[in-house]
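Data first, discussion second: the structure below is written as structure tokens.
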Amino acid sequence: MVMIMDNVIDIQNVNLWYGDHQALFDVSMPVQKNKVTALIGPSGCGKSTLIRSINRMNDLIDGCRVEGRMMFHGEDIYGPGTDVIKVRKKIGMIFQKPNPFPMSVRDNITYGPKIHGITDKDKLEEILEKSLREAALWEEVKDRLDKSAMSLSGGQQQRLCIARTLAVSPEVILMDEPTSALDPIATSKIEDLITELVKEYTVVIVTHNMQQAARISDYTGFMYIGEMVEFDKTDKIFQNPSKEMTDRYISGRFG
Amino acid sequence: MGLTDLLTGPRWRSSEGLYGTVPIITATLLVTAGAILFAVPIGVAAAIFISEVTPSRFKSVLKSISEVFAGIPSVIYGFFGLTVLVPLLRDTFPSHLLMGYSWLAGSILLGIMALPTIISVSEDALSAVPKSYREASMAMGATKWETTIKVVTPAAISGISAAIILGIGRAVGETMAVMMVCGNSAIVPDPIFNVFSRIRPITSTIALEMPYVVIGSTHYSALFFLALILMIMVLAISMASKIIVNRTRRKFGETENKPSLTGIIVAKLPVPLVNGFKNALVVAGLFLIAYFISLTFSNSFGAVLIGISVTVAIVASSLLWLNRLKNEGVSDRPRNPSEFIESIPVKIKAVSRNIITYALVITVVFMGASLFYDDVVAFMAGLAVAAAYVTLRSVFRRIDSRVVQKVAHTALLAVMIFAILLLVYILADIFIEGLPMITWDFLTGYPKDAGRAGGIYPAIVGTLKLIVGSMIIALPLGMITGIFLAEYAKDTPFTRTVRNSIDILNGTPSIVFGLFGMSAFVIYFGFGNSLLAGCITLGLMVLPVIIRTTEEALKAVPGELREGSMAMGATKWETTVKVVLPAAIGSVITGVILSIGRVAGETAPIMFTAVIMYQRVMSHSIFDPVMALPYQLFYLATEGMGSPAMQSAVATVLLIMVLSMFTLASVVRHYFDKRIRW
């Protein structure tokens, strides 16, 4: 385990239950600032559960219970005094299937800022353009900001969702298999975007595509049946993993 | 008597041979508008509460409460209106209401009756909004309430409008309840928004005058004309809801309903012709609305002038708009109104939306207040409410979003509790009065003194006979048609047209069935006022329900079951009878029981085909009329016959009969749900 100085998020011995079913076992993992941290592992290994627990999206599921510490800038995300809304504002999330709201492109982007109390029209326009530019979508949609977001292509929709998250200026962006519903070209655009974004933001990404993890991430965690089997620099995981199980998964012998 | 006289005549007085439908149609429009104004806020709030706030384990409880609301026969609502609502209104507004019978009473009652439709359809629409929208919003730090009001409700808005339209359909076609509380004077309220005025909608007019009409007279034709207008309204409503549902499907990327025959014919016509026709429809609609409203304060010539000028003004201004847009190069000439609206700049849209909202608030408050105070005060009141609305909005914007959520959820809870208490009150009021009266002698005795005293044995038996008779007619026909549509009919434009027609029949007001039953079976076939005519009429009325529930139940059976059976060499018929039907039987039985409940409570279709008020010796011929519980209740309550307790007792027996059907249906459904799973 590498010890890193600049940890934005530090997950320490987290256990998670859905009712009686335990989904995470004693998981620990650091997330370093301005880096891409990838989570890989076979289906049902708990990687989505883990990423969703970082900004407390699992709160929406009845009977979900978390133990252990999940530190965000030294404060426990699950601490008694923690404001969920602030956590989610600082830690945004992108989902598997692009999920733009059935509204105009403009309303999609300004939704978050408005929720968080920004009413000034000029400020909103500024945020609109900035976020769309950051998500590499501005040029494609600047002439149809008032058209429905549902009329965009799948890849554009996913970049819109990224822009929507950027509009509330988060520090960390969680991505839960963001390209699994996209074609190869749209996928590579998103991957390029992630490499750009990480200069300003911190990214945690769940992917079932090992090449993707190898291409874009700095750190990789391999999970299996709710446990963090191995966490290390991406190069190390893919070239010289220390656990045999990781090696077998990477080389495609199971999973 | 010409069409223009019918449509523009300001007076309906059958005794003088005056059959102007203006006050009658206006009454239907007004009472429906009032009902919607009452029911939409409560219904949508309750739907939001059930879908978004209620923990999942309580959802089914609240939904079944709403189903009980839907199952109560309209004559019971009418009885409640007559005995509770009307006196309540009379005592609340003593200077405005002498008796309490009024448009207001009718609208409140119809609003209560439209509630279950609005609640259940809106709730379905809200629940159908993908979970991913909610997650995306919450992941950005929005509260549950912000998500509900800014994402989920807008996404479900088409479904909610469909719910409102269906609610309107329910209100437009309702007969018994309206007839019992509206006062039945064929007048136009003065001023037009005077909710304390007595009115007489289309349905009540047909029900009131049909028993006394001379067959084949002008009067007779005028009543059929009213029924035709009613059918056109219902058709328009059902088409509107279909179009909206289709749009929703398109929005969520689901497959649209395939076109029926009319759809295919329309697609084959040249585009300019179709667009021209659509434009003509819009223009005609604008004209008719303007014309009709102005008829209430002007003569017909003036109304035509006003109608034309208003229409020209609206069309011209919108064309000017389009032209200006074109000149500025903002957009090409939009082809239809929705594109036109899309082309309006966002800021203008926002401002005009606000103006419309405030204008509406001020107008509604002004109308209400001007009935009590003079116009200046009323207008000030309107301004005050609008100002309060603006202030509240800006205050809420400043408050912490979690506090707003608390307030909003509490308000929703309050609405939900109000709706439930209303139901409990209606039921309790009737049961408490009625239950003590029910004795063995009451249930098995014959009526005495024109129904004022004695028992209701013939009415119970009559209702049972009507149920059995209508089922003998509707069950085989309906189930065979349903099986045919589900298993044998190919999906062609023709079968889709058949399905659409069945749906339209399903939404047809029961009074129209009554009218049809009377002219066809009672008069034309010469069955007379008889059990037979009543059973056929009721049978026809529930036929569409049985067809559709059978069809839906069979379609829900997975295709693998059929393939499994066919793969062993079974014929299609053997597969249907031995595999598919048994698998679907739970839903079919549920549907049948529900339609029995409906038959038991219906009054309008039998009141001039089958019933008699008073029968001292029961006849067993199918060509003789019968007594029936719902009609008995209507008769006793409206004629003021018998003690209130006696009336409540009849209502209690009817309620127990109908509600036990609904309980039975839900027990059957749960039993089969548990047994069969796929």
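Identifiers in this document derive from the order of the structure tokens: chains are assigned A, B, ..., residues are numbered from 1 separately in each chain, and ligands are numbered from 1 in order of occurrence.
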
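Any residue of chain B with an atom no more than 7 Å from chain A counts as a contact; using only C-alpha atoms, that gives Ser132, Tyr133, Ala136, Ala139, Met140, Gly141, Ala142, Val151 and Ala155 of chain B.
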
Could the residues in this selection be saved with all heavy atoms as an mmCIF file, in the first residue's frame?
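out_14.cif was written with the following content:
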data_model
loop_
_atom_site.group_PDB
_atom_site.id
_atom_site.type_symbol
_atom_site.label_atom_id
_atom_site.label_comp_id
_atom_site.auth_asym_id
_atom_site.auth_seq_id
_atom_site.Cartn_x
_atom_site.Cartn_y
_atom_site.Cartn_z
ATOM 1 N N SER B 132 -33.249 7.164 -12.442
ATOM 2 C CA SER B 132 -31.985 7.846 -12.743
ATOM 3 C C SER B 132 -32.132 9.365 -12.655
ATOM 4 O O SER B 132 -31.174 10.050 -12.307
ATOM 5 C CB SER B 132 -31.506 7.443 -14.132
ATOM 6 O OG SER B 132 -32.404 7.892 -15.115
ATOM 7 N N TYR B 133 -33.312 9.911 -12.968
ATOM 8 C CA TYR B 133 -33.515 11.360 -12.842
ATOM 9 C C TYR B 133 -33.375 11.776 -11.382
ATOM 10 O O TYR B 133 -32.772 12.782 -11.056
ATOM 11 C CB TYR B 133 -34.904 11.787 -13.329
ATOM 12 C CG TYR B 133 -35.138 11.637 -14.811
ATOM 13 C CD1 TYR B 133 -36.372 11.948 -15.358
ATOM 14 C CD2 TYR B 133 -34.136 11.199 -15.666
ATOM 15 C CE1 TYR B 133 -36.609 11.811 -16.716
ATOM 16 C CE2 TYR B 133 -34.359 11.058 -17.013
ATOM 17 C CZ TYR B 133 -35.598 11.360 -17.539
ATOM 18 O OH TYR B 133 -35.829 11.224 -18.860
ATOM 19 N N ALA B 136 -29.713 11.567 -10.308
ATOM 20 C CA ALA B 136 -28.885 12.643 -10.843
ATOM 21 C C ALA B 136 -29.091 13.913 -10.043
ATOM 22 O O ALA B 136 -28.145 14.632 -9.716
ATOM 23 C CB ALA B 136 -29.247 12.884 -12.307
ATOM 24 N N ALA B 139 -27.677 13.550 -6.485
ATOM 25 C CA ALA B 139 -26.219 13.494 -6.497
ATOM 26 C C ALA B 139 -25.608 14.882 -6.590
ATOM 27 O O ALA B 139 -24.429 15.061 -6.326
ATOM 28 C CB ALA B 139 -25.732 12.640 -7.654
ATOM 29 N N MET B 140 -26.421 15.869 -7.016
ATOM 30 C CA MET B 140 -25.901 17.231 -7.059
ATOM 31 C C MET B 140 -26.217 17.994 -5.787
ATOM 32 O O MET B 140 -26.007 19.201 -5.716
ATOM 33 C CB MET B 140 -26.488 17.960 -8.256
ATOM 34 C CG MET B 140 -25.719 17.652 -9.516
ATOM 35 S SD MET B 140 -26.291 18.650 -10.863
ATOM 36 C CE MET B 140 -27.852 17.904 -11.170
ATOM 37 N N GLY B 141 -26.762 17.305 -4.796
ATOM 38 C CA GLY B 141 -27.031 17.962 -3.531
ATOM 39 C C GLY B 141 -28.408 18.593 -3.456
ATOM 40 O O GLY B 141 -28.631 19.467 -2.629
ATOM 41 N N ALA B 142 -29.332 18.190 -4.333
ATOM 42 C CA ALA B 142 -30.703 18.686 -4.215
ATOM 43 C C ALA B 142 -31.412 17.894 -3.119
ATOM 44 O O ALA B 142 -31.098 16.724 -2.890
ATOM 45 C CB ALA B 142 -31.441 18.519 -5.530
ATOM 46 N N VAL B 151 -37.744 18.257 -10.903
ATOM 47 C CA VAL B 151 -37.375 17.234 -11.886
ATOM 48 C C VAL B 151 -38.505 16.228 -12.108
ATOM 49 O O VAL B 151 -38.966 16.030 -13.226
ATOM 50 C CB VAL B 151 -36.092 16.489 -11.446
ATOM 51 C CG1 VAL B 151 -35.769 15.387 -12.429
ATOM 52 C CG2 VAL B 151 -34.935 17.457 -11.349
ATOM 53 N N ALA B 155 -41.175 16.038 -15.296
ATOM 54 C CA ALA B 155 -41.013 14.893 -16.186
ATOM 55 C C ALA B 155 -42.320 14.119 -16.326
ATOM 56 O O ALA B 155 -42.576 13.488 -17.346
ATOM 57 C CB ALA B 155 -39.910 13.974 -15.670
#

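Within the 6 Å cut-off around region 64-73 of chain A, using only C-alpha atoms and omitting residues fewer than 4 positions from it on the same chain, the listed residues are A:Val8, A:Ile9, A:Asp10, A:Ile11, A:Gln12, A:Asn13, A:Val14, A:Asn15, A:Leu16, A:Trp17, A:Tyr18, A:Ile77.
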
Could you dump the residues just selected with all heavy atoms as a compact mmCIF listing (two decimals), in the first residue's frame?
# COMPACT_ATOMS: atom_id res chain seq x y z
N VAL A 8 -7.58 13.30 -0.80
CA VAL A 8 -8.84 14.03 -0.68
C VAL A 8 -9.82 13.18 0.11
O VAL A 8 -10.47 13.65 1.04
CB VAL A 8 -9.43 14.33 -2.08
CG1 VAL A 8 -10.72 15.09 -1.94
CG2 VAL A 8 -8.43 15.10 -2.91
N ILE A 9 -9.88 11.92 -0.28
CA ILE A 9 -10.79 11.00 0.40
C ILE A 9 -9.96 9.85 0.94
O ILE A 9 -9.03 9.38 0.28
CB ILE A 9 -11.86 10.46 -0.56
CG1 ILE A 9 -12.78 11.59 -1.00
CG2 ILE A 9 -12.67 9.33 0.06
CD1 ILE A 9 -13.70 11.23 -2.12
N ASP A 10 -10.28 9.44 2.16
CA ASP A 10 -9.58 8.30 2.73
C ASP A 10 -10.60 7.33 3.30
O ASP A 10 -11.27 7.63 4.28
CB ASP A 10 -8.60 8.78 3.81
CG ASP A 10 -7.54 7.72 4.08
OD1 ASP A 10 -7.58 6.66 3.40
OD2 ASP A 10 -6.68 7.96 4.95
N ILE A 11 -10.74 6.19 2.63
CA ILE A 11 -11.73 5.20 3.06
C ILE A 11 -11.02 4.23 4.00
O ILE A 11 -9.99 3.65 3.65
CB ILE A 11 -12.30 4.45 1.85
CG1 ILE A 11 -13.00 5.44 0.92
CG2 ILE A 11 -13.26 3.36 2.29
CD1 ILE A 11 -13.34 4.87 -0.43
N GLN A 12 -11.55 4.11 5.24
CA GLN A 12 -10.88 3.29 6.24
C GLN A 12 -11.80 2.22 6.79
O GLN A 12 -12.76 2.51 7.48
CB GLN A 12 -10.37 4.18 7.39
CG GLN A 12 -9.42 5.27 6.92
CD GLN A 12 -9.21 6.33 7.98
OE1 GLN A 12 -9.79 6.27 9.06
NE2 GLN A 12 -8.38 7.32 7.67
N ASN A 13 -11.50 0.98 6.48
CA ASN A 13 -12.19 -0.19 7.04
C ASN A 13 -13.71 -0.07 6.97
O ASN A 13 -14.41 -0.20 7.95
CB ASN A 13 -11.78 -0.40 8.50
CG ASN A 13 -10.28 -0.41 8.64
OD1 ASN A 13 -9.67 0.58 9.04
ND2 ASN A 13 -9.68 -1.51 8.25
N VAL A 14 -14.21 0.17 5.76
CA VAL A 14 -15.65 0.34 5.61
C VAL A 14 -16.34 -1.01 5.39
O VAL A 14 -15.92 -1.82 4.57
CB VAL A 14 -15.96 1.30 4.44
CG1 VAL A 14 -17.41 1.18 4.02
CG2 VAL A 14 -15.65 2.74 4.86
N ASN A 15 -17.38 -1.24 6.18
CA ASN A 15 -18.28 -2.38 5.98
C ASN A 15 -19.65 -1.85 5.62
O ASN A 15 -20.08 -0.83 6.15
CB ASN A 15 -18.40 -3.21 7.26
CG ASN A 15 -17.12 -3.95 7.56
OD1 ASN A 15 -16.81 -4.96 6.96
ND2 ASN A 15 -16.34 -3.40 8.50
N LEU A 16 -20.34 -2.52 4.70
CA LEU A 16 -21.65 -2.02 4.29
C LEU A 16 -22.64 -3.18 4.15
O LEU A 16 -22.29 -4.25 3.63
CB LEU A 16 -21.51 -1.26 2.96
CG LEU A 16 -22.76 -0.58 2.41
CD1 LEU A 16 -22.39 0.69 1.69
CD2 LEU A 16 -23.56 -1.50 1.47
N TRP A 17 -23.85 -2.96 4.66
CA TRP A 17 -24.89 -3.98 4.58
C TRP A 17 -26.12 -3.45 3.84
O TRP A 17 -26.50 -2.29 4.02
CB TRP A 17 -25.35 -4.39 5.98
CG TRP A 17 -24.36 -5.18 6.78
CD1 TRP A 17 -24.31 -6.53 6.91
CD2 TRP A 17 -23.31 -4.66 7.61
NE1 TRP A 17 -23.28 -6.90 7.75
CE2 TRP A 17 -22.64 -5.77 8.19
CE3 TRP A 17 -22.83 -3.37 7.88
CZ2 TRP A 17 -21.56 -5.63 9.05
CZ3 TRP A 17 -21.75 -3.23 8.72
CH2 TRP A 17 -21.13 -4.35 9.30
N TYR A 18 -26.70 -4.29 3.01
CA TYR A 18 -28.06 -4.04 2.51
C TYR A 18 -28.97 -4.97 3.31
O TYR A 18 -29.02 -6.16 3.02
CB TYR A 18 -28.19 -4.38 1.02
CG TYR A 18 -27.40 -3.47 0.10
CD1 TYR A 18 -26.49 -4.00 -0.81
CD2 TYR A 18 -27.60 -2.10 0.12
CE1 TYR A 18 -25.79 -3.17 -1.67
CE2 TYR A 18 -26.89 -1.28 -0.74
CZ TYR A 18 -25.99 -1.81 -1.62
OH TYR A 18 -25.30 -1.00 -2.48
N ILE A 77 -17.50 11.42 6.32
CA ILE A 77 -18.70 11.64 5.50
C ILE A 77 -19.94 11.10 6.21
O ILE A 77 -21.04 11.62 6.05
CB ILE A 77 -18.51 10.96 4.13
CG1 ILE A 77 -17.46 11.72 3.33
CG2 ILE A 77 -19.82 10.87 3.35
CD1 ILE A 77 -17.08 11.06 2.02

List the spatial neighbours of region 18-31 of chain B as an MDAnalysis selection string - criterion: any atom at most 7 Å away, only C-alpha atoms, same-chain residues fewer than 3 positions off excluded. chainID B and resid 5:14 34:35 103 106:107 172 186:188 199:202 222

Please identify all polymer residues within 12 Å of Arg133 (chain A), counting only C-alpha atoms, omitting same-chain residues fewer than 6 positions from it, and present them as an MDAnalysis selection string. chainID A and resid 109 126:127 139:142 159:160 162:164 166:167 193 196:197

Keeping only all heavy atoms, take the residues you just selected and write them out as a compact mmCIF listing (two decimals), in the first residue's frame.
# COMPACT_ATOMS: atom_id res chain seq x y z
N ILE A 109 -28.04 22.34 -17.13
CA ILE A 109 -26.80 22.82 -16.51
C ILE A 109 -27.10 23.75 -15.33
O ILE A 109 -26.45 23.67 -14.29
CB ILE A 109 -25.94 23.58 -17.55
CG1 ILE A 109 -25.67 22.70 -18.76
CG2 ILE A 109 -24.62 24.04 -16.92
CD1 ILE A 109 -24.79 21.53 -18.52
N GLU A 126 -22.64 32.46 -17.26
CA GLU A 126 -21.20 32.24 -17.17
C GLU A 126 -20.91 30.78 -16.80
O GLU A 126 -20.10 30.11 -17.44
CB GLU A 126 -20.64 33.19 -16.11
CG GLU A 126 -19.15 33.30 -16.04
CD GLU A 126 -18.75 34.11 -14.82
OE1 GLU A 126 -19.30 35.23 -14.64
OE2 GLU A 126 -17.94 33.62 -14.03
N ILE A 127 -21.64 30.30 -15.79
CA ILE A 127 -21.46 28.90 -15.37
C ILE A 127 -21.81 27.97 -16.52
O ILE A 127 -21.12 26.98 -16.78
CB ILE A 127 -22.35 28.59 -14.15
CG1 ILE A 127 -21.87 29.38 -12.94
CG2 ILE A 127 -22.36 27.11 -13.85
CD1 ILE A 127 -22.76 29.25 -11.73
N GLU A 139 -18.96 23.67 -28.15
CA GLU A 139 -19.03 23.91 -29.59
C GLU A 139 -20.20 23.17 -30.22
O GLU A 139 -20.81 23.64 -31.17
CB GLU A 139 -17.71 23.46 -30.26
CG GLU A 139 -16.50 24.33 -29.90
CD GLU A 139 -16.69 25.80 -30.25
OE1 GLU A 139 -17.34 26.08 -31.27
OE2 GLU A 139 -16.20 26.67 -29.48
N GLU A 140 -20.51 21.98 -29.68
CA GLU A 140 -21.56 21.17 -30.30
C GLU A 140 -22.96 21.65 -29.96
O GLU A 140 -23.91 21.40 -30.69
CB GLU A 140 -21.40 19.70 -29.88
CG GLU A 140 -20.17 19.05 -30.48
CD GLU A 140 -19.78 17.77 -29.75
OE1 GLU A 140 -20.62 16.84 -29.71
OE2 GLU A 140 -18.67 17.71 -29.21
N VAL A 141 -23.14 22.32 -28.81
CA VAL A 141 -24.51 22.65 -28.39
C VAL A 141 -24.78 24.14 -28.27
O VAL A 141 -25.90 24.53 -27.94
CB VAL A 141 -24.89 21.98 -27.05
CG1 VAL A 141 -24.80 20.49 -27.16
CG2 VAL A 141 -24.00 22.50 -25.93
N LYS A 142 -23.77 24.99 -28.54
CA LYS A 142 -23.98 26.41 -28.25
C LYS A 142 -25.14 27.01 -29.04
O LYS A 142 -25.74 27.99 -28.61
CB LYS A 142 -22.69 27.20 -28.48
CG LYS A 142 -22.24 27.22 -29.93
CD LYS A 142 -21.00 28.06 -30.08
CE LYS A 142 -20.56 28.06 -31.53
NZ LYS A 142 -19.20 28.48 -31.73
N ARG A 159 -21.66 13.66 -21.78
CA ARG A 159 -20.82 14.83 -21.52
C ARG A 159 -21.66 15.96 -20.90
O ARG A 159 -21.19 16.73 -20.08
CB ARG A 159 -20.12 15.28 -22.80
CG ARG A 159 -18.83 14.47 -23.04
CD ARG A 159 -18.14 14.88 -24.32
NE ARG A 159 -18.84 14.33 -25.47
CZ ARG A 159 -18.91 14.95 -26.66
NH1 ARG A 159 -18.34 16.12 -26.82
NH2 ARG A 159 -19.56 14.39 -27.65
N LEU A 160 -22.95 16.01 -21.32
CA LEU A 160 -23.85 17.00 -20.69
C LEU A 160 -23.97 16.70 -19.20
O LEU A 160 -23.96 17.61 -18.36
CB LEU A 160 -25.22 16.96 -21.36
CG LEU A 160 -26.25 17.92 -20.77
CD1 LEU A 160 -25.93 19.35 -21.20
CD2 LEU A 160 -27.65 17.57 -21.20
N ILE A 162 -21.80 15.28 -17.36
CA ILE A 162 -20.54 15.69 -16.72
C ILE A 162 -20.56 17.20 -16.52
O ILE A 162 -20.26 17.71 -15.43
CB ILE A 162 -19.33 15.23 -17.56
CG1 ILE A 162 -19.27 13.71 -17.56
CG2 ILE A 162 -18.04 15.83 -17.02
CD1 ILE A 162 -18.20 13.11 -18.45
N ALA A 163 -20.97 17.95 -17.57
CA ALA A 163 -21.04 19.41 -17.46
C ALA A 163 -22.00 19.81 -16.33
O ALA A 163 -21.74 20.75 -15.58
CB ALA A 163 -21.50 20.01 -18.78
N ARG A 164 -23.10 19.09 -16.22
CA ARG A 164 -24.10 19.40 -15.20
C ARG A 164 -23.48 19.25 -13.81
O ARG A 164 -23.74 20.04 -12.90
CB ARG A 164 -25.29 18.45 -15.37
CG ARG A 164 -26.46 18.73 -14.48
CD ARG A 164 -27.62 17.84 -14.84
NE ARG A 164 -27.28 16.42 -14.63
CZ ARG A 164 -28.10 15.43 -14.95
NH1 ARG A 164 -29.26 15.67 -15.49
NH2 ARG A 164 -27.75 14.18 -14.73
N LEU A 166 -20.19 19.46 -13.19
CA LEU A 166 -19.17 20.49 -13.04
C LEU A 166 -19.79 21.82 -12.64
O LEU A 166 -19.15 22.63 -11.96
CB LEU A 166 -18.39 20.66 -14.35
CG LEU A 166 -17.60 19.44 -14.82
CD1 LEU A 166 -16.91 19.73 -16.14
CD2 LEU A 166 -16.59 19.01 -13.77
N ALA A 167 -21.06 22.04 -13.05
CA ALA A 167 -21.70 23.34 -12.80
C ALA A 167 -21.85 23.65 -11.32
O ALA A 167 -21.99 24.80 -10.94
CB ALA A 167 -23.05 23.39 -13.49
N LEU A 193 -11.67 13.37 -22.15
CA LEU A 193 -12.22 14.38 -21.26
C LEU A 193 -11.75 14.14 -19.83
O LEU A 193 -11.36 15.08 -19.12
CB LEU A 193 -13.75 14.36 -21.36
CG LEU A 193 -14.51 15.28 -20.42
CD1 LEU A 193 -14.10 16.72 -20.67
CD2 LEU A 193 -16.00 15.13 -20.65
N GLU A 196 -8.36 15.34 -19.21
CA GLU A 196 -8.34 16.79 -19.08
C GLU A 196 -8.84 17.22 -17.70
O GLU A 196 -8.24 18.06 -17.03
CB GLU A 196 -9.24 17.43 -20.15
CG GLU A 196 -8.58 17.67 -21.49
CD GLU A 196 -7.36 18.58 -21.36
OE1 GLU A 196 -7.50 19.67 -20.78
OE2 GLU A 196 -6.27 18.17 -21.81
N LEU A 197 -9.99 16.63 -17.31
CA LEU A 197 -10.66 17.04 -16.07
C LEU A 197 -9.77 16.89 -14.85
O LEU A 197 -9.84 17.67 -13.91
CB LEU A 197 -11.93 16.21 -15.86
CG LEU A 197 -13.13 16.56 -16.73
CD1 LEU A 197 -14.26 15.58 -16.47
CD2 LEU A 197 -13.58 17.98 -16.46

List every residue of region 22-171 of chain A that DSSP, applied to the backbone of this structure, assigns to strand (DSSP E or B), and report them as a VMD selection string. chain A and resid 22 to 32 36 to 40 64 to 72 75 to 76 91 to 94 104 148

Keeping N, CA and C atoms for every residue in the selection just given, could you write it to a file as a tab-separated table (two decimals), in the first residue's frame?
chain	number	residue	atom	x	y	z
A	22	GLN	N	-24.25	-8.52	3.65
A	22	GLN	CA	-23.09	-7.65	3.69
A	22	GLN	C	-22.47	-7.54	2.31
A	23	ALA	N	-22.31	-6.29	1.83
A	23	ALA	CA	-21.84	-6.08	0.47
A	23	ALA	C	-20.38	-5.62	0.43
A	24	LEU	N	-19.91	-4.97	1.50
A	24	LEU	CA	-18.50	-4.54	1.55
A	24	LEU	C	-17.88	-5.06	2.84
A	25	PHE	N	-16.65	-5.59	2.71
A	25	PHE	CA	-15.96	-6.14	3.87
A	25	PHE	C	-14.65	-5.38	4.11
A	26	ASP	N	-14.66	-4.54	5.13
A	26	ASP	CA	-13.40	-3.97	5.59
A	26	ASP	C	-12.59	-3.31	4.46
A	27	VAL	N	-13.23	-2.51	3.66
A	27	VAL	CA	-12.58	-1.93	2.50
A	27	VAL	C	-11.82	-0.65	2.89
A	28	SER	N	-10.58	-0.55	2.45
A	28	SER	CA	-9.82	0.68	2.66
A	28	SER	C	-9.22	1.13	1.35
A	29	MET	N	-9.20	2.45	1.15
A	29	MET	CA	-8.64	2.95	-0.10
A	29	MET	C	-8.46	4.47	0.00
A	30	PRO	N	-7.28	4.98	-0.42
A	30	PRO	CA	-7.12	6.43	-0.47
A	30	PRO	C	-7.48	6.93	-1.86
A	31	VAL	N	-7.91	8.19	-1.94
A	31	VAL	CA	-8.14	8.81	-3.24
A	31	VAL	C	-7.30	10.08	-3.30
A	32	GLN	N	-6.36	10.12	-4.24
A	32	GLN	CA	-5.41	11.22	-4.26
A	32	GLN	C	-5.90	12.36	-5.13
A	36	VAL	N	-6.64	10.12	-11.25
A	36	VAL	CA	-7.76	9.24	-11.56
A	36	VAL	C	-7.56	7.93	-10.81
A	37	THR	N	-8.55	7.59	-9.99
A	37	THR	CA	-8.49	6.33	-9.27
A	37	THR	C	-9.55	5.40	-9.87
A	38	ALA	N	-9.13	4.24	-10.33
A	38	ALA	CA	-10.08	3.33	-10.97
A	38	ALA	C	-10.39	2.15	-10.06
A	39	LEU	N	-11.63	1.67	-10.15
A	39	LEU	CA	-12.02	0.46	-9.42
A	39	LEU	C	-12.40	-0.59	-10.45
A	40	ILE	N	-11.74	-1.75	-10.39
A	40	ILE	CA	-12.09	-2.82	-11.32
A	40	ILE	C	-12.47	-4.06	-10.54
A	64	CYS	N	-29.97	0.25	4.07
A	64	CYS	CA	-28.53	0.27	3.82
A	64	CYS	C	-27.81	0.84	5.05
A	65	ARG	N	-26.73	0.15	5.50
A	65	ARG	CA	-26.05	0.53	6.74
A	65	ARG	C	-24.54	0.52	6.50
A	66	VAL	N	-23.87	1.56	6.97
A	66	VAL	CA	-22.42	1.66	6.74
A	66	VAL	C	-21.69	1.75	8.07
A	67	GLU	N	-20.57	1.00	8.18
A	67	GLU	CA	-19.69	1.13	9.35
A	67	GLU	C	-18.29	1.43	8.87
A	68	GLY	N	-17.48	2.00	9.73
A	68	GLY	CA	-16.12	2.36	9.36
A	68	GLY	C	-16.04	3.85	9.09
A	69	ARG	N	-14.87	4.30	8.66
A	69	ARG	CA	-14.70	5.73	8.47
A	69	ARG	C	-14.45	6.04	7.01
A	70	MET	N	-15.11	7.09	6.52
A	70	MET	CA	-14.90	7.53	5.17
A	70	MET	C	-14.58	9.02	5.26
A	71	MET	N	-13.28	9.35	5.20
A	71	MET	CA	-12.86	10.71	5.48
A	71	MET	C	-12.78	11.54	4.21
A	72	PHE	N	-13.34	12.74	4.30
A	72	PHE	CA	-13.25	13.70	3.20
A	72	PHE	C	-12.61	14.96	3.78
A	75	GLU	N	-12.76	14.90	7.49
A	75	GLU	CA	-14.03	14.82	8.20
A	75	GLU	C	-14.78	13.58	7.73
A	76	ASP	N	-15.42	12.89	8.67
A	76	ASP	CA	-16.10	11.65	8.31
A	76	ASP	C	-17.39	11.97	7.56
A	91	ILE	N	-18.88	16.32	-3.85
A	91	ILE	CA	-18.53	15.06	-4.51
A	91	ILE	C	-19.66	14.70	-5.48
A	92	GLY	N	-19.47	15.02	-6.75
A	92	GLY	CA	-20.52	14.78	-7.74
A	92	GLY	C	-20.47	13.37	-8.27
A	93	MET	N	-21.50	13.00	-9.06
A	93	MET	CA	-21.53	11.63	-9.56
A	93	MET	C	-22.08	11.56	-10.98
A	94	ILE	N	-21.44	10.70	-11.80
A	94	ILE	CA	-21.89	10.42	-13.16
A	94	ILE	C	-22.32	8.95	-13.20
A	104	SER	N	-34.37	21.54	-21.33
A	104	SER	CA	-33.43	22.07	-22.30
A	104	SER	C	-32.01	21.88	-21.77
A	148	SER	N	-34.29	20.45	-26.31
A	148	SER	CA	-34.32	19.42	-25.28
A	148	SER	C	-33.01	18.63	-25.25

Give the helix (DSSP H, G or I) residues of region 25-234 of chain A, as DSSP finds them on the backbone, and put them as a PyMOL selection string. chain A and resi 47-54+57-60+84-90+105-115+121-134+138-141+149-151+154-166+184-197+210-216+234

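If only C-alpha atoms are the atoms counted, then among B:Ser137, B:Ser370, B:Ser51, B:Thr576 the closest residue to Tyr488 (chain B) is B:Thr576.
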